[in-house]
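Encoded as structure tokens, the structure appears first; notes follow it.
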Amino acid sequence: MKKNILIVPGDGIGQEVTVVGQKVLEKIAARFGHEFIFDHALMGHAAIEATGNPLPDETLAKMRATDAILFGAVGHPKYDNDPHAKVRPEQGLLRMRKELGLYANLRPIKLFDELLGASSIKPEILKGADILFFRELTGDVYFGKRERLDDGNTAYDTMIYSRYEVERIARKAFDAAMTRGKKLMSVDKANVLESSRLWREVVQDIAKEYPEVTVSHQFVDSAAMLLIKNPRDFDVVVTGNLFGDILTDEASQIAGSMGMLASASVGDSVGVYEPIHGSGHDITGMGVANPMASVLSVALLLEISFGLKTEAEAVIEAVDKVLKAGYRTRDIADATTPANMILGTEAVGEKTLEFL
Ligand code: IPM
Ligand code: MG
């Protein structure tokens with residue numbers, strides 16, 4: 001198979017972990033006889049520094065022309081404490097999602113058995129948890145009208161959804177549920193929000209097309225509680241942009257560390273694959289970032305964008321072997337990990353390539 005892949009490292013540790021992701025893609029190409037042609041593009045703070053724009057036209061043009069995108073992270077602490085900054089790295093991320101029509105963000109929460117001890121949740125509660133989140137990604141309060149009123153002391157953001165937006169993400173989630181445990185939880189705040197009442201109504205309508213799927217509806221506050229109370233009861237979850245953002249960070253603790261979680265953003269055209277962790281400026285340049293989320297994003301890319309299931313499984317198996325052999329980056333190490341088994345980004349990457 002011959003494919004073009006665009007690498008967009010972005011900022012901070014995004015630049016460190018995508019190097020490993022690309023090497024894994026190169027190894028897969030060599031082992032399975034594919035030809036992957038790589039190109040690179042700037043985004044986020046790195047792009048603002050170079051061009052003044054967090055998503056330069058050149059990057060967007062390359063994104064539209066490629067077969068799949070391996071993405072790092074965007075962000076810089078410089079903007080976080082400056083509410084007045086006019087240009088921000090995250091604007092590039094949101095614009096990319098909108099421009100590429102990436103309305104479905106898949107965030108699989110899968111716990112490798114070896115990491116049962118790395119979570120702050122008790123192992124007996126966690127063992128066997130396997131959840132797939134569908135977070136809507138191009139609507140909601142992220143894209144609704146927002147404004148600071150003239151007096152400067154009042155501001156609002158609009159939580160807004162249209163029927164077609166809920167329908168298309170719900171269908172994707174139901175389709176996935178059919179290939180898994182046939183259980184779907186829709187999360188909203190329909191006891192308060194009108195947009196959530198529409199959300200629930202639409203999910204109930206789509207549910208009629210999938211009589212085999214057991215559907216439940218939870219309010220987001222209760223879902224947040226159940227997630228750490230009974231993570232094993234969850235199968236597929238579908239929710240809006242903001243609730244999904246919050247719940248998936250919470251759910252990352254089920255997998256031991258944010259450093260292990262990959263995501264896929266798909267929709268109208270090209271797919272974007274990225275870790276759910278951010279740019280990690282506190283550890284940037286130290287060589288300690290966990291590259292596994294990027295490596296597992298590669299697995300999602302191979303399976304979802306290219307339909308290469310065997311190759312994707314080979315990547316996941318390599319990660320599993322690294323963990324079984326006892327190697328850890330420091331975010332997933334615990335008191336029992338010997339010091340010589342705690343490796344940096346590059347070394348864990350090399351181990352992954354060896355097992356591949
Ligand atoms: C995510 C991130 C982004 C989001 C930020 C960086 C804008 O938290 O992808 O989950 O809120 O969507
Ligand atoms: Mg987030």
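By convention in this document, the chains of the structure tokens carry letters A, B, ... by their order, each chain's residues are numbered from 1, and ligands are numbered from 1 in the order they are shown.
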- Message: Using only C-alpha atoms, which protein or nucleic acid residues come within 10 Å of Asn53 (chain A)? Drop anything in the same chain fewer than 3 positions from it, and give the result as an MDAnalysis selection string.
- Response: chainID A and resid 42:50 56:57 87:89 91:92
Would you mind exporting all heavy atoms of the selected residues as a compact mmCIF listing (two decimals), in the first residue's frame?
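This is the output file again37.txt:
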```
# COMPACT_ATOMS: atom_id res chain seq x y z
N LEU A 42 3.88 22.84 10.17
CA LEU A 42 3.89 23.58 11.44
C LEU A 42 2.48 23.87 11.94
O LEU A 42 1.57 24.14 11.15
CB LEU A 42 4.54 24.95 11.23
CG LEU A 42 6.06 25.03 11.07
CD1 LEU A 42 6.44 26.47 10.79
CD2 LEU A 42 6.75 24.51 12.33
N MET A 43 2.31 23.86 13.26
CA MET A 43 1.05 24.29 13.84
C MET A 43 1.26 24.76 15.28
O MET A 43 2.29 24.46 15.89
CB MET A 43 0.05 23.13 13.82
CG MET A 43 -1.37 23.61 13.72
SD MET A 43 -2.47 22.23 13.46
CE MET A 43 -3.60 22.53 14.79
N GLY A 44 0.30 25.52 15.81
CA GLY A 44 0.36 25.94 17.21
C GLY A 44 1.34 27.08 17.45
O GLY A 44 1.55 27.94 16.59
N HIS A 45 1.94 27.06 18.63
CA HIS A 45 2.90 28.10 19.00
C HIS A 45 4.05 28.15 18.00
O HIS A 45 4.49 29.23 17.57
CB HIS A 45 3.42 27.83 20.41
CG HIS A 45 4.54 28.72 20.84
ND1 HIS A 45 4.37 30.07 21.06
CD2 HIS A 45 5.86 28.46 21.07
CE1 HIS A 45 5.54 30.60 21.42
NE2 HIS A 45 6.45 29.65 21.43
N ALA A 46 4.53 26.97 17.59
CA ALA A 46 5.63 26.90 16.63
C ALA A 46 5.26 27.65 15.35
O ALA A 46 6.09 28.36 14.77
CB ALA A 46 5.96 25.44 16.31
N ALA A 47 4.01 27.53 14.92
CA ALA A 47 3.57 28.20 13.69
C ALA A 47 3.36 29.69 13.92
O ALA A 47 3.63 30.51 13.03
CB ALA A 47 2.28 27.55 13.19
N ILE A 48 2.90 30.05 15.13
CA ILE A 48 2.73 31.48 15.44
C ILE A 48 4.10 32.17 15.37
O ILE A 48 4.26 33.24 14.78
CB ILE A 48 2.10 31.69 16.84
CG1 ILE A 48 0.68 31.11 16.88
CG2 ILE A 48 2.07 33.17 17.21
CD1 ILE A 48 0.00 31.16 18.24
N GLU A 49 5.10 31.53 15.97
CA GLU A 49 6.46 32.11 15.95
C GLU A 49 6.97 32.29 14.53
O GLU A 49 7.61 33.28 14.21
CB GLU A 49 7.43 31.19 16.73
CG GLU A 49 7.12 31.09 18.21
CD GLU A 49 7.51 32.35 18.99
OE1 GLU A 49 8.71 32.56 19.19
OE2 GLU A 49 6.58 33.12 19.37
N ALA A 50 6.69 31.30 13.68
CA ALA A 50 7.24 31.34 12.32
C ALA A 50 6.42 32.21 11.37
O ALA A 50 6.97 32.84 10.47
CB ALA A 50 7.36 29.92 11.76
N PRO A 56 -1.21 27.90 9.66
CA PRO A 56 -0.90 28.58 8.39
C PRO A 56 -1.61 27.91 7.20
O PRO A 56 -1.88 26.71 7.24
CB PRO A 56 0.62 28.41 8.26
CG PRO A 56 1.11 28.05 9.62
CD PRO A 56 -0.02 27.36 10.32
N ASP A 57 -1.90 28.71 6.17
CA ASP A 57 -2.56 28.18 4.97
C ASP A 57 -1.82 27.00 4.38
O ASP A 57 -2.42 26.04 3.90
CB ASP A 57 -2.67 29.28 3.89
CG ASP A 57 -3.64 30.37 4.33
OD1 ASP A 57 -4.42 30.12 5.28
OD2 ASP A 57 -3.61 31.46 3.73
N VAL A 87 -3.98 35.97 19.66
CA VAL A 87 -3.67 34.78 18.88
C VAL A 87 -3.20 33.69 19.84
O VAL A 87 -2.33 33.94 20.67
CB VAL A 87 -2.56 35.08 17.84
CG1 VAL A 87 -2.27 33.87 16.99
CG2 VAL A 87 -2.95 36.26 16.98
N ARG A 88 -3.82 32.50 19.76
CA ARG A 88 -3.47 31.42 20.67
C ARG A 88 -3.28 30.12 19.89
O ARG A 88 -3.98 29.88 18.90
CB ARG A 88 -4.59 31.18 21.70
CG ARG A 88 -5.25 32.43 22.25
CD ARG A 88 -6.38 32.07 23.20
NE ARG A 88 -5.85 31.48 24.40
CZ ARG A 88 -5.45 32.20 25.45
NH1 ARG A 88 -5.55 33.50 25.45
NH2 ARG A 88 -4.95 31.59 26.50
N PRO A 89 -2.36 29.26 20.35
CA PRO A 89 -2.11 27.99 19.65
C PRO A 89 -3.38 27.16 19.47
O PRO A 89 -3.59 26.54 18.42
CB PRO A 89 -1.12 27.26 20.57
CG PRO A 89 -0.49 28.32 21.40
CD PRO A 89 -1.48 29.43 21.52
N GLN A 91 -6.34 28.01 18.93
CA GLN A 91 -7.22 28.44 17.82
C GLN A 91 -6.91 27.62 16.57
O GLN A 91 -7.81 27.32 15.78
CB GLN A 91 -6.99 29.93 17.52
CG GLN A 91 -7.50 30.84 18.62
CD GLN A 91 -6.94 32.25 18.50
OE1 GLN A 91 -5.94 32.50 17.81
NE2 GLN A 91 -7.57 33.19 19.19
N GLY A 92 -5.64 27.29 16.40
CA GLY A 92 -5.24 26.48 15.25
C GLY A 92 -5.88 25.09 15.31
O GLY A 92 -6.37 24.57 14.31
```
- Task: Return as a count of residues only every polymer residue, whether protein, DNA or RNA, with at least one atom no more than 7 Å from an atom of ligand 1; count only C-alpha atoms and all ligand atoms.
- Result: 8
- Item | Test item: residues no farther than 9 Å from ligand 2, counting only C-alpha atoms and all ligand atoms, as a PyMOL selection string | chain A and resi 242+244-249+276-278
- Tell me, in Å to one decimal, how far CA of Asp235 (chain A) is from CA of Gly259 (chain A).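 If I compute the distance from CA of Asp235 (chain A) to CA of Gly259 (chain A), I get 21.5 Å.
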Which residues come within 12 Å of Gly280 (chain A), counting only C-alpha atoms, excluding same-chain residues fewer than 6 positions away, as a PDB file with C-alpha atoms, in the first residue's frame?
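Printed below is around_6.pdb as written:
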```pdb
ATOM      1  CA  GLY A  10       3.034  21.046  17.059  1.00  0.00           C
ATOM      2  CA  ASP A  11       4.531  22.200  20.363  1.00  0.00           C
ATOM      3  CA  GLY A  12       6.353  20.976  23.456  1.00  0.00           C
ATOM      4  CA  ILE A  13       6.488  17.205  23.886  1.00  0.00           C
ATOM      5  CA  GLY A  14       4.407  16.879  20.706  1.00  0.00           C
ATOM      6  CA  GLN A  15       7.696  17.345  18.893  1.00  0.00           C
ATOM      7  CA  GLU A  16       9.352  14.578  20.914  1.00  0.00           C
ATOM      8  CA  VAL A  17       6.661  11.902  20.768  1.00  0.00           C
ATOM      9  CA  GLY A  72       1.457  15.895  18.356  1.00  0.00           C
ATOM     10  CA  ALA A  73       0.003  18.602  20.610  1.00  0.00           C
ATOM     11  CA  VAL A  74      -0.355  22.363  20.648  1.00  0.00           C
ATOM     12  CA  GLY A  75      -0.057  24.886  23.464  1.00  0.00           C
ATOM     13  CA  HIS A  76       2.400  27.090  25.281  1.00  0.00           C
ATOM     14  CA  PRO A  77       2.338  28.303  28.910  1.00  0.00           C
ATOM     15  CA  MET A 258      -2.623  10.327  30.043  1.00  0.00           C
ATOM     16  CA  GLY A 259       0.643   9.235  28.445  1.00  0.00           C
ATOM     17  CA  MET A 286      13.822  16.550  29.296  1.00  0.00           C
ATOM     18  CA  GLY A 287      13.427  13.467  27.106  1.00  0.00           C
ATOM     19  CA  VAL A 288      11.065  11.786  29.576  1.00  0.00           C
ATOM     20  CA  ALA A 289       7.700  12.096  27.791  1.00  0.00           C
ATOM     21  CA  ASN A 290       5.814   8.847  27.267  1.00  0.00           C
TER      22      ASN A 290
END
```
- Query: From the set A:Val202, A:Pro54, A:Ile7, A:Lys27, which residue has the shortest atom-to-atom contact distance to Ala41 (chain A), counting only C-alpha atoms?
  - Reply: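 Residue with the minimum atom-to-atom distance to Ala41 (chain A): A:Ile7.
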Applying 10 Å and only C-alpha atoms, which residues near Pro123 (chain A) remain after dropping the ones on its own chain fewer than 6 positions away? List them as an mmCIF file with N, CA, C and O atoms, in the first residue's frame.
```
data_model
loop_
_atom_site.group_PDB
_atom_site.id
_atom_site.type_symbol
_atom_site.label_atom_id
_atom_site.label_comp_id
_atom_site.auth_asym_id
_atom_site.auth_seq_id
_atom_site.Cartn_x
_atom_site.Cartn_y
_atom_site.Cartn_z
ATOM 1 N N ASP A 113 -2.887 -4.696 31.229
ATOM 2 C CA ASP A 113 -2.856 -5.361 32.537
ATOM 3 C C ASP A 113 -1.631 -4.990 33.364
ATOM 4 O O ASP A 113 -1.706 -4.861 34.590
ATOM 5 N N LEU A 115 -0.297 -2.335 33.718
ATOM 6 C CA LEU A 115 -0.363 -0.999 34.311
ATOM 7 C C LEU A 115 -1.440 -0.860 35.380
ATOM 8 O O LEU A 115 -1.761 0.232 35.829
ATOM 9 N N LEU A 116 -2.001 -2.014 35.789
ATOM 10 C CA LEU A 116 -3.050 -1.963 36.813
ATOM 11 C C LEU A 116 -2.615 -1.159 38.036
ATOM 12 O O LEU A 116 -3.410 -0.450 38.639
ATOM 13 N N GLY A 117 -1.324 -1.266 38.360
ATOM 14 C CA GLY A 117 -0.814 -0.583 39.555
ATOM 15 C C GLY A 117 -0.533 0.894 39.339
ATOM 16 O O GLY A 117 -0.294 1.625 40.290
ATOM 17 N N ILE A 254 -8.145 5.746 34.245
ATOM 18 C CA ILE A 254 -8.476 4.324 34.204
ATOM 19 C C ILE A 254 -7.373 3.577 33.449
ATOM 20 O O ILE A 254 -7.079 2.428 33.721
#
```
- Message: When you look at Glu35 (chain A) with a cut-off of 8 Å (counting only C-alpha atoms), what residues show up, excluding the ones that are within fewer than 5 positions of it in the same chain? I need them as a list in words.
- Response: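 Returned residues: Met1, Lys2, Lys3, Ala29 and Ala30 of chain A.
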- Message: Please extract the residues of region 188-296 of chain A with a backbone DSSP assignment of strand (DSSP E or B) and present them as a list in words.
- Response: Asp188, Thr214, Val215, Ser216, His217, Gln218, Phe219, Val236, Val237, Val238, Thr239, Ala262, Ser263, Ala264, Ser265, Val266, Gly271, Val272, Tyr273, Glu274 and Pro275 of chain A
Could you list, with a cut-off of 8 Å and counting only C-alpha atoms, the residues of region 181-296 of chain A near region 310-328 of chain A, each shown with its nearest atom pair and the distance in Å rounded to one decimal, rows sorted by chain and ascending number, as a Markdown table?
```
| residue | atom | partner | partner_atom | distance |
| --- | --- | --- | --- | --- |
| A:Met292 | CA | A:Val319 | CA | 7.2 |
| A:Val295 | CA | A:Val315 | CA | 7.4 |
| A:Leu296 | CA | A:Ile316 | CA | 6.6 |
```
- Quick one, how far is CA of Pro83 (chain A) from CA of Glu99 (chain A)?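 It comes out at 24.9 Å.
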- Between CA of Ile5 (chain A) and CA of Leu70 (chain A), what is the distance, to one decimal in Å?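 We find that CA of Ile5 (chain A) and CA of Leu70 (chain A) lie 7.2 Å from each other.
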Counting only C-alpha atoms, what is within 8 Å of region 212-215 of chain A, bar same-chain residues fewer than 5 positions away, as a PDB file with N, CA and C atoms, in the first residue's frame?
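Written output follows (out03.pdb):
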```pdb
ATOM      1  N   PHE A 174     -23.189   4.250  17.624  1.00  0.00           N
ATOM      2  CA  PHE A 174     -24.007   3.030  17.562  1.00  0.00           C
ATOM      3  C   PHE A 174     -23.324   1.963  16.700  1.00  0.00           C
ATOM      4  N   ALA A 177     -20.737   0.415  18.728  1.00  0.00           N
ATOM      5  CA  ALA A 177     -21.320  -0.431  19.775  1.00  0.00           C
ATOM      6  C   ALA A 177     -21.691  -1.804  19.208  1.00  0.00           C
ATOM      7  N   MET A 178     -22.160  -1.821  17.959  1.00  0.00           N
ATOM      8  CA  MET A 178     -22.544  -3.086  17.324  1.00  0.00           C
ATOM      9  C   MET A 178     -21.350  -4.031  17.170  1.00  0.00           C
ATOM     10  N   LYS A 182     -22.289  -3.938  22.459  1.00  0.00           N
ATOM     11  CA  LYS A 182     -23.682  -3.545  22.179  1.00  0.00           C
ATOM     12  C   LYS A 182     -24.329  -2.774  23.326  1.00  0.00           C
ATOM     13  N   LYS A 183     -23.498  -1.966  24.001  1.00  0.00           N
ATOM     14  CA  LYS A 183     -24.007  -1.116  25.085  1.00  0.00           C
ATOM     15  C   LYS A 183     -23.574   0.304  24.796  1.00  0.00           C
ATOM     16  N   LEU A 184     -24.523   1.225  24.851  1.00  0.00           N
ATOM     17  CA  LEU A 184     -24.153   2.605  24.584  1.00  0.00           C
ATOM     18  C   LEU A 184     -24.731   3.525  25.648  1.00  0.00           C
ATOM     19  N   MET A 185     -23.868   4.385  26.183  1.00  0.00           N
ATOM     20  CA  MET A 185     -24.341   5.395  27.124  1.00  0.00           C
ATOM     21  C   MET A 185     -24.227   6.764  26.470  1.00  0.00           C
ATOM     22  N   SER A 186     -25.323   7.501  26.467  1.00  0.00           N
ATOM     23  CA  SER A 186     -25.290   8.872  25.969  1.00  0.00           C
ATOM     24  C   SER A 186     -25.264   9.795  27.176  1.00  0.00           C
ATOM     25  N   ALA A 207     -31.562   5.465  18.123  1.00  0.00           N
ATOM     26  CA  ALA A 207     -31.548   4.159  18.813  1.00  0.00           C
ATOM     27  C   ALA A 207     -32.533   3.178  18.166  1.00  0.00           C
TER      28      ALA A 207
END
```
- Message: Please list as a list in words every residue within 9 Å of Gln253 (chain A), counting only C-alpha atoms and excluding residues in the same chain fewer than 2 positions away.
- Response: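 Skipping anything fewer than 2 positions along the chain leaves Ala118, Ser119, Ser120, Ile121, Ile228, Thr248, Asp249, Glu250, Ala251, Ala255, Gly256, Ser257 and Met258 of chain A.
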- Message: Please determine, counting only C-alpha atoms, which residue among A:Leu302, A:Ile332, A:Arg171, A:Leu353 has the shortest atom-to-atom distance to Glu114 (chain A).
- Response: A:Ile332
May I have a table of the residues of region 260-352 of chain A lying at most 8 Å from region 101-106 of chain A, giving each one's closest pair of atoms and their distance in Å to one decimal, counting only C-alpha atoms, ordered by chain and ascending residue number, as CSV?
```
residue,atom,partner,partner_atom,distance
A:Ser263,CA,A:Leu106,CA,5.6
A:Ala264,CA,A:Leu106,CA,5.1
A:Ser265,CA,A:Asn105,CA,4.3
A:Val266,CA,A:Leu102,CA,4.7
A:Gly267,CA,A:Leu102,CA,4.5
A:Asp268,CA,A:Gly101,CA,5.3
A:Ser269,CA,A:Gly101,CA,7.1
A:Gly271,CA,A:Leu102,CA,7.4
A:Val272,CA,A:Leu102,CA,8.0
```
Could you write out that same residue set with C-alpha atoms as a PDB file, in the first residue's frame?
```pdb
ATOM      1  CA  SER A 263      -7.268   9.396  19.858  1.00  0.00           C
ATOM      2  CA  ALA A 264      -8.646   9.533  16.356  1.00  0.00           C
ATOM      3  CA  SER A 265     -10.553  12.477  14.918  1.00  0.00           C
ATOM      4  CA  VAL A 266     -12.523  11.577  11.844  1.00  0.00           C
ATOM      5  CA  GLY A 267     -15.407  12.877   9.817  1.00  0.00           C
ATOM      6  CA  ASP A 268     -15.778  14.158   6.311  1.00  0.00           C
ATOM      7  CA  SER A 269     -12.341  13.466   4.883  1.00  0.00           C
ATOM      8  CA  GLY A 271      -8.309  11.528   9.775  1.00  0.00           C
ATOM      9  CA  VAL A 272      -6.146  13.116  12.476  1.00  0.00           C
TER      10      VAL A 272
END
```
- Message: With DSSP run on the backbone, what are the helix (DSSP H, G or I) residues within region 90-201 of chain A? I'd like them as a PyMOL selection string.
- Response: chain A and resi 90-99+113-118+123-126+140-142+163-179+194-201
- Query: Nearest to Lys110 (chain A): which of A:Asp157, A:Glu124, A:Asp130, A:Asp331 is it, counting only C-alpha atoms?
  - Reply: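 Comparing A:Asp157, A:Glu124, A:Asp130, A:Asp331 against Lys110 (chain A), the winner is A:Asp130.
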